[in-house]
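Novice: Once you've had a glance at the structure underneath, I'll fire off some questions.
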Amino acid sequence: MRGFLPVLAVLAAILALWVAAVAPMNARQALDVAEREGAAVTPAESRTRFETPVLTLMLRNSGEIWRGYGLERPRLPTPWQVGQELWATTGEMALEGRAFSKRSLIYHAWITLQSTFWGFALGTVVGIAGAIGIVYSRTMELSVMPWAIISQTIPIVALAPMIIVLSSQLGIEERGVPKAVISAYLCFFPVLVGMVKGLRSPTAEQLDLLRTYSASGMASFLKLRLPASLPYLFTSLKIGIAAALVGTIVGELPTGAISGLGARILIGDQFGTPLAIWSALAAAAILAGVLVTLLGWAQAVTLRRMGGGR
Amino acid sequence: MTDEPAIEARDLSLTFETGDGPVHALKDVTLSIGKGDFVSFIGPSGCGKTTFLRCVAALEEPTGGTLTVNGMSPDEARRARAYGYVFQAAGLYPWRTIAGNVRLPLEIMGFSRAEMEERIERVLDLVDLQGFGRKYPWQLSGGMQQRASIARALAFDADILLMDEPFGALDEIVRDRLNEELLSLWSRTGKTIGFVTHSIPEAVYLSTRIVVMSPRPGRITDVIESPLPRERPLDIRDSREFIEVAHRVREGLRAGHGDVL
């Protein structure tokens with residue numbers, strides 16, 4: 001319980017900053033609405049206002065700023081507007097029994113979650129396998145490690161369309177496959193780096209001890225390197241699953257997909273509905289939070305079973 | 001005591017090639033350790049005492065001379081489980097209980113489940129850790145952890161125990177206690193013990209023979225047969241014989257340093 005207070009404090013600070021930012025972000029729109037409703041606005045003309053700095057506008061029309069907090073299509077929606085939209089597209093629809101309707105964020109989050117899981121699984125397997133290879137083979141360390149690092153310097157948005165084109169060229173119909181591949185592409189790296197560090201964490205003395213038992217390579221892997229790497233693995237997995245989610249959402253942007261949180265963001269952008277974008281973003285953030293928390297629990301349980309307490 | 005020595009080295013040399021030229025970690029070391037002996041190796045850093053022990057354990061490959069352990073090559077001896085090794089750090093696996101740590105070599109060597117349990121209980125008893133099997137290492141003091149690591153080395157019944165400054169990181173009171181216990185363990189089990197230390201009183205108190213070494217190149221400068229009886233209460237350290245042996249060790253160390261100082 002102690003851990004909640006700092007989290008809530010940071011959350012409150014973010015919300016306060018957000019609410020404060022709504023006024024300047026929506027000032028011009030607010031004044032347009034005020035003008036239409038016959039209120040006195042200075043300068044009176046929309047075109048002149050466009051060339052006046054926002055802060056000047058706010059100072060001269062301080063009586064009309066409040067309108068920025070109740071716009072229908074705000075440039076920056078308020079937290080409560082996002083909250084309402086989020087509820088309307090999740091909880092409310094679930095109560096009506098339409099949780100998996102195509103308008104529901106639950107449906108879209110589910111689509112995204114599936115690809116995230118596949119990407120996460122693939123990325124984790126590739127990351128662990130790569131790490132084992134790197135730790136045990138000097139050749140692999142020299143050949144694979146630089147490429148693993150280079151792979152992360154390529155912007156994923158540049159690579160994603162190529163992966164999609166490639167997979168359709170290969171005759172893969174399923175939309176989820178390229179998404180999972182993109183997701184795995186982002187996810188494998190933290191797992192690889194963490195596992196290399198974890199598998200190398202045993203000291204020279206610990207390795208020598210196993211040599212005095214004439215332990216086989218397999219035995220020293222299973223009994224020493226692998227258990228020693230677990231704390232590192234869990235830390236990596238937490239980063240990895242967040243990266244997998246981001247990868248999936250990025251993968252949904254250029255696919256022309258119509259479902260998934262990424263698709264919602266894109267559609268919201270094209271149809272000029274910022275609320276849809278923001279609620280999809282909020283849903284993605286909540287999803288990431290839940291996934292990381294679940295892994296945190298798995299970590300706590302596993303490490304406690306392994307004699308944790310330190 | 002017996003015809004065949006437990007460890008026999010003849011003209012043993014080990015040279016490391018480094019960027020700054022060769023380093024002679026061991027040079028022409030000739031030594032014979034009988035079965036049941038308690039032999040201490042003492043000397044300043046870099047004198048090769050640890051390197052010698054590591055050669056016996058086949059953790060290092062000598063570059064010259066011959067070395068036999070129980071009449072076999074060090075490699076064969078290791079496969080025949082001739083020795084248990086205790087490092088300076090207890091090096092217990094934090095994710096295993098004390099019993100689990102003692103079980104580690106037994107698992108690797110493929111003992112049956114029933115035999116493992118029986119042996120774990122016996123060696124934990126031997127190092128006075130009965131009842132601590134289910135504890136995790138972090139729940140034990142440094143001295144108890146080191147006792148657990150000795151139990152781990154004893155678990156598979158090797159007749160040689162190689163100990164590399166096992167009590168170096170412990171405070172003096174704990175160290176005295178463990179020295180006493182080690183002596184009683186040695187007299188009960190009749191093992192051959194090779195013991196590396198920095199401490200003159202520790203070496204004199206424990207050993208039947210003390211090997212004094214000096215660095216650059218690592219070599220033996222003196223081998224002292226202890227006149228002390230096998231039965232040694234802690235206050236033997238105030239006796240005349242003890243002080244004489246300690247004096248001779250100190251002289252040997254000083255002579256070895258002569259070319260440097």
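Identifiers in this document derive from the order of the structure tokens: chains are assigned A, B, ..., residues are numbered from 1 separately in each chain, and ligands are numbered from 1 in order of occurrence.
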Contacts from chain B to chain A, 9 Å maximum, only C-alpha atoms: show me the residue list as a list in words.

Specialist: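 Per the criterion, chain B yields Ala57, Ala58, Leu59, Arg78, Arg79, Arg81, Tyr83, Gly84, Tyr85, Val86, Phe87, Gln88, Ala89, Gly91, Leu92, Tyr93, Pro94, Trp95, Arg96, Thr97, Leu104, Pro105, Ile108, Met109, Lys135, Tyr136, Pro137 and Trp138 of chain B.
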
Novice: I'd like the contact shell of Glu252 of chain A - 8 Å cut-off, only C-alpha atoms, skipping same-chain residues fewer than 6 positions apart - returned as a PyMOL selection string.

Specialist: chain A and resi 179+260-263

Novice: Determine the nearest neighbour of Ser199 of chain B from the options B:Ala77, B:Leu183, B:Ala82, B:Val212, counting only C-alpha atoms.

Specialist: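 The answer is B:Val212, which sits nearest to Ser199 of chain B.
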
Novice: Which of segment 183-263 of chain A end up as helix (DSSP H, G or I) when DSSP is run on this backbone - answer as an MDAnalysis selection string?

Specialist: chainID A and resid 183:199 204:212 217:252 261:263

Novice: Name the residues in contact with Pro201 of chain B at a cut-off of 8 Å, using only C-alpha atoms, excluding same-chain residues fewer than 2 positions from it; report them as a list of chain:residue names.

Specialist: B:Ser199, B:Ala203, B:Val204, B:Tyr205, B:Arg237, B:Ala246

Novice: So how many Å separate atom CA of Glu45 of chain A and atom CA of Ala30 of chain A, to one decimal?

Specialist: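 Computed distance, atom CA of Glu45 of chain A to atom CA of Ala30 of chain A, equals 13.4 Å.
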
Novice: Under the rule that only C-alpha atoms are counted, which of B:Thr192, B:Asn70, B:Thr30, B:Gln130 is the nearest residue to Asp222 of chain B?

Specialist: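 Checking each candidate against Asp222 of chain B, we get B:Thr30 as the closest.
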
Novice: Extract, using only C-alpha atoms, all DNA, RNA and protein residues at most 12 Å from Ile243 of chain B, discarding same-chain residues fewer than 4 positions from it, and format them as a list in words.

Specialist: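 Answer for this query is Ile200, Pro201, Val204, Tyr205, Ser226, Pro227, Leu228, Asp235, Ile236, Arg237, Asp238, Ser239, His247, Arg248, Val249 and Arg250 of chain B.
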
Novice: Counting only C-alpha atoms, figure out which residue out of A:Ala148, A:Gly268, A:Thr273, A:Leu59 gets nearest to Leu71 of chain A.

Specialist: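 Smallest distance to Leu71 of chain A is found for A:Thr273.
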